[in-house]
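Asks: Attaching a single structure in structure tokens format; questions to follow.
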Amino acid sequence: MTNDTVLGKDSAPQVSEDQLEHFSYDDKIVRMFLTAMLVWGIVAFLVGLIVAIELFLPSLKESLLNGVLASILPAVFSDMFVNLIDKFFSIEYLTFARLRPLHTNAAIFAFAGNAIFAAVYYSTQRLCKARMWSDKLSKMHFWGWQLIIVSAALTLPLGITQSKEYAELEWPIDIAIAVVWLGIFGGNFMMTVLKRRERHMYVSIWFYIATIVTVALLHVFNNLVVPSGFLKSYPIYAGVQDAFMQWWYGHNAVAFFLTTPFLGLMYYFLPKAADRPVFSYRLSIIHFWSLVFIYIWAGPHHLHYTALPDWASSLGMLFSLMLWMPSWGGMINGLLTLRGAWHKVLSDPVLKFFVVAITFYGMSTFEGPLLSIKSVNALSHYTDWTIAHVHAGALGWNGFMAFGMLYWLAPRIFQAKLWSQKMANAHFWMATIGILLYVLSIYVAGLTQGLMWRAIDDNGQLQYADFIVTIDSIIPMYYVRALGGGLFLVGALACAFNYFMTWKNRPAKYDEPTYAAAPLKKVYEGKEATAEARLEGVADMAKAIDKFNQFKWHRRWERLPVRFTIFVVISVVVASLFEIIPTFLIRSNVPTIASVKPYTPLELAGRDVYIAEGCYNCHSQMIRPIFAEELRYGEYSKPGEFVYDHPHQWGSRRIGPDLAREGVTRPSAVWHYRHFLNPPDTSPRSVMPPYPWLFEKELAWSSIKTRVWAMRALGVPYSDEEYANARELAEEQAKDVVAKLVADAPSLARKAKDLEKTEGIALIAYLQRLGTDITKEVDEDAADVKDTANEVASDKEAKPEVGG
Amino acid sequence: MADDKKKDIDNLTDHNYDGIMEYDNPLPGWWVWLFWGTIVFSIIYFFIVTMAQGELSPHGQLRREKAHWAKVKLDKLGEMEPSEATLVRLMHEPEMLDQGRSLYVGKCAVCHGQNGEGIVGPNMTDEKYRNVKDLMGIFEVVKNGAGNGSMPAWKTQMMEPDMLMVSAYVASLRGKNLPGKSVEDADVDIAPWPQPEKK
């Protein structure tokens with residue numbers, strides 16, 4: 001490089017020609033991953049747009065039938081649109097609750113995932129001066145990953161799901177992910193690093209290492225399950241512990257799938273595009289290690305005010321606060337690297353995308369700690385505020401970073417000029433305006449709904465007791481959101497066209513330049529082996545600090561990839577165990593409640609219908625210990641109520657009301673029946689789609705026994721009798737439910753025999769059970785246990801028991 | 001400017017990766033101080049919250065809020081005996097009926113309709129009743145449930161004054177005869193509600 005000669009600092013020892021090794025880089029794999037990123041990105045945005053529209057379709061339909069649109073549009077058109085909406089809602093595979101996981105998985109693992117791989121394959125080879133260790137493994141990685149994405153796109157709409165957010169995929173796919181990620185991708189990457197011809201690992205490589213090992217750990221430990229069929233399983237954790245593991249995973253998926261690899265990407269592509277040195281090597285070191293160590297602890301902030309013990313919630317909040325500066329370290333290093341290159345930002349779309357991306361990163365990583373403060377979270381949790389936050393992160397940071405990289409890479413990997421600079425600029429502006437419309441409207445929606453939920457009048461009554469009123473007020477914002485999302489999608493389509501045209505201009509045969517470099521010697525002979533104290537006449541302590549500050553010790557680590565990887569593993573594992581061990585081992589964290597019993601076989605099957613339909617995407621089952629919440633939903637949820645919940649169904653967003661006390665407050669079977677068939681029938685202006693197929697599809701009766709078997713394997717106390725007669729017990733209970741239904745709605749008598757067999761009846765049985773156990777009487781001899789348990793549950797659970 | 005450039009060059013490390021260089025700039029002071037600040041704050045916060053034995057936890061806050069509102073209710077409503085006299089009194093105080101209405105909308109309207117016209121639960125604006133024989137009967141049904149479990153027992157979910165106010169509101173709907181769920185065979189006539197004593 002020119003800089004080297006100018007500065008005369010190049011210390012690489014001269015080697016003779018015959019010692020050099022010649023190699024080229026595999027850019028074909030980069031082309032494949034980058035193309036996949038773009039294709040899946042468009043799929044993810046499109047599905048996102050569909051689910052965004054689904055939320056206001058019922059209001060649109062109402063408007064077409066009786067509202068403003070009815071008076072404007074000729075009847076022919078409004079009828080046509082209403083018909084279209086009804087047709088759409090009659091397809092069970094396209095409900096919001098089934099598509100939303102598809103949207104999130106596509107955005108995270110398909111769009112961002114393929115972006116990461118494109119970045120890793122392009123930059124690692126160059127940073128290591130080595131071709132990928134095995135082209136074959138690279139290809140297997142590519143096709144394996146795309147296959148996983150396709151299987152996700154097929155299983156999720158079919159209702160095959162573990163119901164853990166961003167970990168919805170069932171166990172066979174999970175195994176494939178572990179193999180492809182760690183075995184193929186991780187193996188290929190580590191071998192490339194080990195065979196590198198560059199002595200030191202650059203900061204991007206550190207972030208890639210952290211990504212690979214941590215994501216593997218998170219994925220494996222959150223997905224430990226007992227299968228009860230080829231595509232059905234139950235997690236080994238229940239209730240509080242399952243929620244804890246899920247958000248340990250969920251939060252760190254954000255950390256190690258959407259943050260660290262993208263920081264690695266930034267550290268390579270930003271200085272390249274700006275042609276400026278990175279601002280501070282020392283800052284890279286400090287913010288890397290603090291980020292890797294601190295991020296892991298912050299997961300419990302997703303569970304503030306839930307039945308999670310209070311000490312865990314506090315740790316989650318505090319480590320999130322401490323995470324603020326380590327996150328901003330990346331932003332500072334990014335933005336300050338642009339010193340002296342800001343004039344380029346005005347003209348170069350690549351840098352424009354990068355600057356907005358880093359700005360969004362800075363905003364999101366400020367907002368993250370803010371949202372993790374308990375009292376802020378009390379307002380934001382379950383509202384669209386969270387949705388706005390993740391989109392600022394995923395579209396703003398990951399999306400803009402990925403597109404910036406694409407515009408930088410496209411001319412290089414296709415060896416042709418970018419087809420249209422103008423179009424790239426247009427994409428930039430559409431994406432920027434789109435994301436602003438999106439997040440601003442959804443911030444307003446989140447704040448509005450959060451404030452309405454908690455509003456209490458002078459008499460101590462809820463100001464907006466009717467849940468639907470809080471939805472009504474934010475529907476206009478949903479239209480704006482869809483507009484913003486649509487704009488973002490159009491921008492991506494423009495990008496795809498530009499990309500395609502650039503590809504069309506590629507040379508007949510790609511030029512594959514050969515590079516030469518000497519292999520690494522076994523022993524490092526460089527000059528920076530140890531630090532010398534530069535100060536004199538000061539205390540030993542000061543000398544030690546000075547030595548530390550020269551970071552020669554870290555320079556050494558950068559030469560030792562295996563040791564570096566082990567240090568990363570230690571820091572994430574130690575941090576994890578500090579929270580996991582107490583959560584699992586200290587009994588007082590989950591005080592038992594004697595009256596809480598396992599679900600009956602029918603309720604268990606109904607619960608699986610609840611999971612398959614993805615009800616948790618819109619309904620929480622967690623009443624927080626907040627006054628307004630108790631007024632609205634009833635007594636707050638206790639940890640002991642969830643001990644048989646494999647998996648937990650606490651949810652993260654209330655598009656509909658909480659269901660934790662559904663069985664207590666809405667026990668009527670006929671209400672549920674009518675509500676599922678046509679929600680506005682019982683709940684005017686409801687945005688829930690109709691679920692008529694629930695009362696047409698037959699329940700999977702033959703698998704009920706296997707389900708009970710799996711639960712028993714997990715330690716849920718079903719008796720031998722219950723296990724042996726699981727199916728018969730379920731059939732009996734279904735008859736009872738239908739008998740009651742018919743008693744309230746005699747017209748259903750002729751359908752009773754058919755109804756007994758359906759999924760809907762099992763689901764109703766489950767809903768009728770929800771939250772009822774703590775109000776039940778217990779056997780005399782168990783009564784005192786219950787009293788202490790309740791007392792502990794309400795008062796003492798908050799007491800931290802760690803380290804005491 | 002020139003000085004800056006020179007300083008920058010002096011600051012440059014000898015690192016070079018695929019042409020990417022790195023400066024050896026120190027950590028920004030404000031960054032370091034804020035980082036330490038969050039760490040110190042966290043230690044102090046954890047210590048204080050732990051010492052407070054749950055008083056500063058969400059549960060502690062809930063306990064205080066409940067006590068506060070219980071007191072507000074007591075001050076505003078006075079002691080409310082669950083009795084026919086109380087219900088009659090509440091039925092003739094518009095402010096109490098407003099509160100009852102707000103509770104009704106939150107808890108009852110899903111089954112009994114926004115205005116009491118009935119959906120799956122009975123119409124409460126007509127003159128016929130099934131599980132209710134007198135005014136206190138409404139309160140009993142609200143409190144303990146009815147219809148073989150179709151009507152939930154609210155005693156575990158609502159405070160007693162609230163159950164009384166919502167009962168009074170429901171009673172006040174009688175005779176409005178809104179079109180809705182029709183009368184069924186099991187529904188019977190009952191005596192009119194008692195009137196408040198003239199002062």
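Just so we're on the same page: first chain in the structure tokens is A, next is B, and so on; residues restart at 1 for each chain, and ligands are numbered from 1 in the order they show up.
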Find the residues in chain B near chain A: any atom within 7 Å counts, using only C-alpha atoms. Write them as an NGL selection string.
Replies: :B and (14 or 17-27 or 31 or 34-35 or 38-39 or 42 or 50 or 53-54 or 57-59 or 62 or 65-66 or 69 or 73 or 102-103 or 105-106 or 110-111 or 119-120 or 149-152 or 157)
Asks: List the neighbours of range 134-142 of chain B out to 12 Å using only C-alpha atoms; skip same-chain residues closer than 3 positions along the sequence, and give me the result as a PyMOL selection string.
Replies: (chain A and resi 665) or (chain B and resi 81-91+103-104+107-108+124+128-131+145-174+188-195)
Asks: Enumerate, as a CSV table (one decimal) with C-alpha atoms, in the first residue's frame, the complete set of residues in range 423-470 of chain A that a backbone-based DSSP assignment places in alpha helix (DSSP H).
Replies:
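Saved to out30.csv:
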chain,number,residue,atom,x,y,z
A,423,MET,CA,-30.4,4.5,-8.6
A,424,ALA,CA,-28.3,3.6,-5.6
A,425,ASN,CA,-28.8,7.1,-4.3
A,426,ALA,CA,-32.5,6.8,-4.9
A,427,HIS,CA,-32.5,3.5,-2.9
A,428,PHE,CA,-30.7,5.3,-0.1
A,429,TRP,CA,-33.3,8.0,0.1
A,430,MET,CA,-36.3,5.6,-0.2
A,431,ALA,CA,-34.8,3.5,2.5
A,432,THR,CA,-34.1,6.4,4.8
A,433,ILE,CA,-37.5,8.0,4.4
A,434,GLY,CA,-39.1,4.5,4.6
A,435,ILE,CA,-37.5,3.7,7.9
A,436,LEU,CA,-38.2,7.1,9.4
A,437,LEU,CA,-41.9,6.7,8.6
A,438,TYR,CA,-41.8,3.2,10.0
A,439,VAL,CA,-40.1,3.9,13.3
A,440,LEU,CA,-41.7,7.2,14.1
A,441,SER,CA,-45.2,6.0,13.5
A,442,ILE,CA,-44.6,2.9,15.6
A,443,TYR,CA,-43.0,4.9,18.4
A,444,VAL,CA,-46.1,7.0,18.6
A,445,ALA,CA,-48.2,3.8,18.5
A,446,GLY,CA,-46.2,2.2,21.3
A,447,LEU,CA,-46.2,5.2,23.5
A,448,THR,CA,-49.9,5.9,22.9
A,449,GLN,CA,-51.0,2.3,23.7
A,450,GLY,CA,-48.6,2.0,26.7
A,451,LEU,CA,-50.0,5.2,28.2
A,452,MET,CA,-53.6,4.2,27.6
A,453,TRP,CA,-53.1,0.8,29.2
A,454,ARG,CA,-51.9,2.4,32.4
A,467,PHE,CA,-58.9,-3.1,25.3
A,468,ILE,CA,-60.0,-2.5,21.7
A,469,VAL,CA,-60.1,1.3,22.3
A,470,THR,CA,-56.3,1.2,22.8
Asks: Return the single residue from A:Leu602, A:Ala112, A:Val51, A:Ala516 that is closest to Asn725 in chain A, with distances computed using only C-alpha atoms.
Replies: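 Looking at the shortest contact to Asn725 in chain A, the residue is A:Leu602.
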